[in-house]
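> The structure file protein_30.cif (mmCIF, C-alpha atoms) is provided below.
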```cif
data_coords
loop_
_atom_site.label_atom_id
_atom_site.label_comp_id
_atom_site.auth_asym_id
_atom_site.auth_seq_id
_atom_site.Cartn_x
_atom_site.Cartn_y
_atom_site.Cartn_z
CA MET L 1 0.00 0.00 0.00
CA ILE L 2 1.39 3.39 -1.04
CA LEU L 3 -0.07 6.44 0.71
CA ASP L 4 0.85 9.93 -0.44
CA ALA L 5 0.67 12.30 2.52
CA HIS L 6 0.87 15.59 0.63
CA GLY L 7 -1.17 16.35 -2.47
CA HIS L 8 -3.28 19.10 -3.97
CA ILE L 9 -5.97 19.66 -6.55
CA GLY L 10 -6.77 22.89 -8.34
CA SER L 11 -4.72 25.74 -9.76
CA TRP L 12 -2.19 28.17 -8.33
CA PRO L 13 -1.40 31.60 -9.83
CA ASP L 14 2.41 31.36 -9.67
CA PHE L 15 2.87 27.89 -11.21
CA LEU L 16 1.87 26.15 -14.42
CA ILE L 17 -0.04 23.01 -13.46
CA PRO L 18 -0.75 21.13 -16.70
CA ASP L 19 -3.64 19.11 -15.23
CA PRO L 20 -5.08 20.41 -11.95
CA SER L 21 -8.06 18.04 -11.97
CA ALA L 22 -8.83 15.31 -9.47
CA GLY L 23 -9.52 12.90 -12.31
CA GLY L 24 -6.12 13.49 -13.84
CA LEU L 25 -4.45 12.93 -10.50
CA VAL L 26 -6.29 9.63 -9.96
CA ALA L 27 -5.30 8.45 -13.43
CA MET L 28 -1.63 9.05 -12.60
CA MET L 29 -2.04 7.41 -9.19
CA ASP L 30 -3.41 4.34 -10.97
CA ARG L 31 -0.41 4.23 -13.31
CA LEU L 32 1.98 4.39 -10.36
CA GLY L 33 0.17 2.10 -7.95
CA ILE L 34 -0.64 4.76 -5.34
CA THR L 35 -3.51 3.66 -3.13
CA ALA L 36 -4.62 7.00 -1.71
CA MET L 37 -3.48 10.59 -1.34
CA GLY L 38 -4.20 13.30 1.20
CA VAL L 39 -5.26 16.45 -0.64
CA SER L 40 -6.16 20.04 -0.05
CA ASP L 41 -7.59 22.28 -2.75
CA LEU L 42 -5.24 25.09 -3.69
CA LEU L 43 -8.10 27.58 -3.63
CA GLY L 44 -8.35 26.74 0.06
CA VAL L 45 -4.65 27.23 0.66
CA GLY L 46 -5.02 30.61 -1.05
CA PRO L 47 -7.93 33.03 -0.80
CA ASP L 48 -10.95 30.90 0.13
CA ALA L 49 -10.51 28.05 2.60
CA VAL L 50 -14.25 27.38 2.91
CA GLU L 51 -14.82 26.92 -0.82
CA GLY L 52 -11.54 25.09 -1.25
CA ASN L 53 -12.48 22.61 1.47
CA ARG L 54 -15.87 22.10 -0.15
CA ARG L 55 -14.17 21.30 -3.44
CA ALA L 56 -11.77 18.88 -1.75
CA PHE L 57 -14.66 16.96 -0.17
CA GLU L 58 -16.43 16.93 -3.53
CA ALA L 59 -13.36 15.40 -5.20
CA ALA L 60 -13.11 12.79 -2.45
CA ALA L 61 -16.76 11.86 -2.94
CA GLU L 62 -16.29 11.54 -6.71
CA HIS L 63 -13.30 9.20 -6.23
CA PRO L 64 -14.15 7.02 -3.20
CA GLY L 65 -11.17 5.68 -1.31
CA ARG L 66 -8.60 7.62 -3.33
CA PHE L 67 -8.45 10.95 -1.53
CA GLY L 68 -8.31 11.85 2.14
CA VAL L 69 -9.07 15.50 2.83
CA TRP L 70 -6.67 17.84 4.56
CA GLN L 71 -9.01 20.67 5.51
CA VAL L 72 -7.31 24.03 5.19
CA TYR L 73 -7.51 26.31 8.20
CA ASN L 74 -7.02 30.05 7.75
CA PRO L 75 -6.22 31.41 11.23
CA HIS L 76 -7.41 34.91 10.32
CA HIS L 77 -10.83 33.66 9.24
CA ARG L 78 -11.22 30.86 11.81
CA THR L 79 -12.28 28.45 9.09
CA PRO L 80 -14.94 25.93 10.23
CA LEU L 81 -13.54 22.40 10.47
CA THR L 82 -15.19 18.99 10.68
CA ASP L 83 -14.26 15.44 11.63
CA ARG L 84 -16.45 13.49 9.25
CA PRO L 85 -15.60 10.39 7.20
CA GLY L 86 -12.95 11.17 4.60
CA VAL L 87 -11.06 13.66 6.75
CA TRP L 88 -7.36 12.93 7.23
CA GLY L 89 -6.75 16.08 9.25
CA VAL L 90 -5.96 19.77 8.91
CA LYS L 91 -3.65 21.56 6.49
CA LEU L 92 -1.83 24.67 7.70
CA HIS L 93 0.22 27.01 5.53
CA PRO L 94 1.77 29.58 7.85
CA ASP L 95 3.72 31.27 5.05
CA VAL L 96 0.74 31.91 2.79
CA HIS L 97 -1.37 33.07 5.72
CA GLN L 98 1.54 34.90 7.37
CA CYS L 99 0.86 33.50 10.80
CA ARG L 100 3.58 31.70 12.73
CA LEU L 101 2.95 28.02 13.32
CA ASP L 102 3.40 28.55 17.06
CA ASP L 103 0.95 31.47 17.16
CA PRO L 104 -2.02 31.01 19.54
CA LEU L 105 -4.33 31.64 16.57
CA TYR L 106 -3.74 27.99 15.61
CA GLU L 107 -4.73 26.65 19.03
CA PRO L 108 -8.31 25.79 17.93
CA VAL L 109 -6.78 23.39 15.39
CA PHE L 110 -4.48 21.61 17.80
CA ALA L 111 -7.26 21.37 20.38
CA LEU L 112 -9.20 19.11 17.97
CA GLY L 113 -6.49 16.45 18.15
CA LEU L 114 -6.68 15.72 14.41
CA PRO L 115 -3.49 14.99 12.45
CA VAL L 116 -1.96 18.21 11.11
CA LEU L 117 0.07 18.70 7.93
CA ALA L 118 1.87 22.04 8.01
CA HIS L 119 4.15 23.69 5.51
CA GLY L 120 7.68 23.81 6.93
CA GLN L 121 10.40 26.10 5.63
CA THR L 122 13.84 26.56 7.14
CA ASP L 123 14.57 30.18 8.11
CA SER L 124 11.01 31.27 7.41
CA PRO L 125 9.65 33.60 10.08
CA TRP L 126 6.37 31.70 9.77
CA SER L 127 7.25 28.00 9.60
CA ASP L 128 10.85 27.32 10.61
CA PRO L 129 11.28 23.75 11.96
CA ALA L 130 12.03 25.15 15.42
CA GLN L 131 8.37 26.16 15.59
CA PHE L 132 7.34 22.54 15.02
CA ALA L 133 9.31 21.59 18.12
CA THR L 134 7.56 24.32 20.08
CA VAL L 135 4.11 23.16 18.99
CA ALA L 136 4.95 19.50 19.60
CA ALA L 137 6.03 20.31 23.16
CA ARG L 138 2.64 21.95 23.76
CA HIS L 139 0.62 19.24 22.05
CA PRO L 140 2.53 15.94 22.15
CA GLU L 141 -0.69 14.02 21.47
CA VAL L 142 -1.24 15.65 18.04
CA PRO L 143 0.40 13.96 15.03
CA LEU L 144 2.23 16.75 13.21
CA LEU L 145 3.67 16.29 9.73
CA MET L 146 6.42 18.74 8.82
CA GLY L 147 5.76 19.43 5.14
CA HIS L 148 8.92 19.38 2.99
CA THR L 149 11.13 18.70 6.06
CA GLY L 150 12.00 22.39 6.01
CA LEU L 151 12.10 22.69 2.19
CA TRP L 152 15.77 23.67 1.75
CA PRO L 153 18.54 21.03 1.68
CA TYR L 154 20.80 22.99 4.03
CA GLY L 155 18.11 22.67 6.67
CA PHE L 156 17.09 19.00 6.35
CA ALA L 157 19.46 17.64 8.99
CA ARG L 158 18.70 20.53 11.35
CA ALA L 159 14.97 19.86 10.98
CA ALA L 160 15.49 16.24 11.99
CA ARG L 161 17.58 17.24 15.00
CA LEU L 162 15.13 19.89 16.19
CA VAL L 163 12.25 17.41 16.46
CA ALA L 164 14.28 14.38 17.57
CA ASP L 165 12.73 14.46 21.05
CA HIS L 166 9.18 14.90 19.75
CA PRO L 167 7.97 11.54 18.41
CA GLY L 168 4.66 13.00 17.27
CA VAL L 169 6.42 14.98 14.54
CA LEU L 170 6.98 13.19 11.25
CA LEU L 171 9.23 14.42 8.45
CA GLU L 172 7.30 14.58 5.18
CA VAL L 173 9.67 14.58 2.22
CA CYS L 174 8.02 16.23 -0.79
CA GLY L 175 9.75 19.01 -2.67
CA SER L 176 11.81 19.70 -5.76
CA LYS L 177 15.05 19.98 -3.76
CA ILE L 178 15.04 16.65 -1.97
CA THR L 179 16.78 13.54 -3.33
CA GLY L 180 16.73 9.83 -2.68
CA ARG L 181 20.05 10.10 -0.88
CA TRP L 182 18.64 12.79 1.39
CA ILE L 183 15.65 10.60 2.17
CA SER L 184 18.06 7.83 3.14
CA ARG L 185 19.98 10.25 5.37
CA LEU L 186 16.78 11.39 7.07
CA VAL L 187 15.85 7.77 7.78
CA ALA L 188 19.30 7.32 9.34
CA LEU L 189 19.00 10.52 11.37
CA ALA L 190 15.39 10.28 12.55
CA GLY L 191 14.52 6.60 12.17
CA ALA L 192 12.42 5.07 9.41
CA GLU L 193 9.30 5.35 11.57
CA ARG L 194 9.55 9.17 11.49
CA VAL L 195 9.77 9.73 7.70
CA VAL L 196 6.68 9.96 5.45
CA TYR L 197 6.33 10.02 1.68
CA GLY L 198 4.53 12.91 0.01
CA SER L 199 4.69 14.27 -3.52
CA ASP L 200 3.14 17.78 -3.56
CA ALA L 201 1.24 16.69 -6.70
CA CYS L 202 -0.38 18.22 -8.69
CA PHE L 203 1.93 21.11 -7.78
CA LEU L 204 4.92 18.88 -8.58
CA ASP L 205 5.22 15.82 -10.83
CA LEU L 206 3.84 12.79 -9.02
CA ARG L 207 6.20 10.47 -10.90
CA ALA L 208 9.32 12.25 -9.66
CA GLY L 209 8.07 12.46 -6.09
CA LEU L 210 7.38 8.74 -5.87
CA GLY L 211 10.52 7.81 -7.77
CA ARG L 212 12.77 9.47 -5.21
CA VAL L 213 11.49 7.11 -2.52
CA VAL L 214 11.24 4.00 -4.69
CA LEU L 215 14.86 4.41 -5.84
CA ALA L 216 16.30 5.73 -2.57
CA PRO L 217 19.04 3.55 -0.99
CA LEU L 218 16.82 2.14 1.75
CA ALA L 219 16.20 -1.25 3.27
CA GLU L 220 12.90 -2.58 1.94
CA THR L 221 11.36 -2.66 5.40
CA ASP L 222 12.23 1.02 5.85
CA ARG L 223 10.94 1.90 2.40
CA ASP L 224 7.60 0.26 3.22
CA LEU L 225 7.29 2.40 6.34
CA VAL L 226 8.08 5.60 4.43
CA LEU L 227 5.77 4.80 1.52
CA GLY L 228 2.71 4.12 3.62
CA GLY L 229 3.24 2.22 6.84
CA ASN L 230 3.92 5.30 8.95
CA LEU L 231 1.01 7.31 7.60
CA ALA L 232 -1.33 4.33 8.02
CA ARG L 233 -0.27 4.15 11.67
CA VAL L 234 -1.01 7.84 12.16
CA LEU L 235 -4.36 7.78 10.36
CA GLY L 236 -5.63 4.51 11.81
CA SER L 237 -9.35 4.14 11.20
CA ARG L 238 -9.40 7.27 9.04
CA LEU L 239 -8.20 5.07 6.17
CA ALA L 240 -11.30 2.86 6.40
#
```
Show me the file's structure as structure tokens.

Amino acid sequence: MILDAHGHIGSWPDFLIPDPSAGGLVAMMDRLGITAMGVSDLLGVGPDAVEGNRRAFEAAAEHPGRFGVWQVYNPHHRTPLTDRPGVWGVKLHPDVHQCRLDDPLYEPVFALGLPVLAHGQTDSPWSDPAQFATVAARHPEVPLLMGHTGLWPYGFARAARLVADHPGVLLEVCGSKITGRWISRLVALAGAERVVYGSDACFLDLRAGLGRVVLAPLAETDRDLVLGGNLARVLGSRLA
């Protein structure tokens, strides 16, 4: 079973996305053998979280079992959230919303106890990995996925070190800068049980994102954990 922790549907103004549709994404998932993907709609990440979340649930309903929904929460609008079937958790993008991950405005999200996928970016004033450690210390019971493992290669190892004592934080490895060798290093630094595959499709090419993990120099047992075992453990019955 391959589970992609970090996906999107829809368009984004700064990037060319050749096929932003849910149907196109499912067709590529079928070609690659990906069981399911957690998605947020890019409209939700941007200007309209309510409508974006509605569209994400609509896509999940149209493709049963293929998409879990990461509901986007805009801390300035206090976006309504739900815990209904199909929800994988909550998506936070501190950089787009210009609100630090450790800001109290996000406390209503962490109080729900749902898994959280948050954009992480080394040296960002909004989402530096150090803020993940701060949040994890406050809410050790909340599974927290650090999107992109800090995004920039010079910060990957630091990100792993900063959250080493916070087992609820998982390092999600999507991004155009990461490599198979870096994924192997992160497994060595953090442990295979702390690293999670994600692609950032349809933002980025799903084939490249999966290929980095499939071809990374990993033991097969570790690769299985990264490709889906760890996320399945976090989601539990949410995968049903």
> Evaluate the PyMOL selection byres ((chain L and resi 209) around 9) here and jot the selected residues down as an MDAnalysis selection string.
chainID L and resid 173:176 197:201 204:208 210:213
> With the PyMOL selection byres ((chain L and resi 155) around 12) as the selection, what would be picked from this file? Answer as a compact mmCIF listing (two decimals) with C-alpha atoms, keeping the file's coordinate frame, please.

```txt
# COMPACT_ATOMS: atom_id res chain seq x y z
CA GLY L 120 7.68 23.81 6.93
CA GLN L 121 10.40 26.10 5.63
CA THR L 122 13.84 26.56 7.14
CA ASP L 123 14.57 30.18 8.11
CA SER L 124 11.01 31.27 7.41
CA ASP L 128 10.85 27.32 10.61
CA PRO L 129 11.28 23.75 11.96
CA ALA L 130 12.03 25.15 15.42
CA HIS L 148 8.92 19.38 2.99
CA THR L 149 11.13 18.70 6.06
CA GLY L 150 12.00 22.39 6.01
CA LEU L 151 12.10 22.69 2.19
CA TRP L 152 15.77 23.67 1.75
CA PRO L 153 18.54 21.03 1.68
CA TYR L 154 20.80 22.99 4.03
CA PHE L 156 17.09 19.00 6.35
CA ALA L 157 19.46 17.64 8.99
CA ARG L 158 18.70 20.53 11.35
CA ALA L 159 14.97 19.86 10.98
CA ALA L 160 15.49 16.24 11.99
CA ARG L 161 17.58 17.24 15.00
CA LEU L 162 15.13 19.89 16.19
CA LYS L 177 15.05 19.98 -3.76
CA ILE L 178 15.04 16.65 -1.97
CA TRP L 182 18.64 12.79 1.39
CA LEU L 186 16.78 11.39 7.07
```
> Run the PyMOL selection byres ((chain L and resi 2-5) around 7) against the file shown and list the residues it catches, as a PyMOL selection string.
chain L and resi 1+6-7+34-38+197-199+227-228
> Give me, please, the distance in Å between atom CA of L:Glu172 and atom CA of L:Val195, quoted to one decimal.
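Between atom CA of L:Glu172 and atom CA of L:Val195 the gap is 6.0 Å.
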> Determine, counting all atoms listed in the file, which protein, DNA and RNA residues have an atom within 7 Å of an atom of stretch 66-81 of chain L; residues of the same chain fewer than 3 positions away are not included. Present the result as a VMD selection string.
chain L and resid 35 to 40 44 to 45 49 to 50 53 56 to 57 60 63 86 to 92 97 105 to 106
> So how far away is atom CA of L:Phe203 from atom CA of L:His166, in Å?
29.1 Å
> Find the residue from L:Gly24, L:Pro104, L:Pro217, L:Asp222 that sits nearest to L:Ala190; use all atoms listed in the file when measuring.
L:Asp222
> So how far away is atom CA of L:His119 from atom CA of L:Asp102, in Å?
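So the two atoms, atom CA of L:Asp102 and atom CA of L:His119, lie 12.6 Å apart.
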> Between L:Cys99, L:Leu144, L:Leu114, L:Met29, which is the closest to L:Arg238 once you count all atoms listed in the file?
L:Leu114
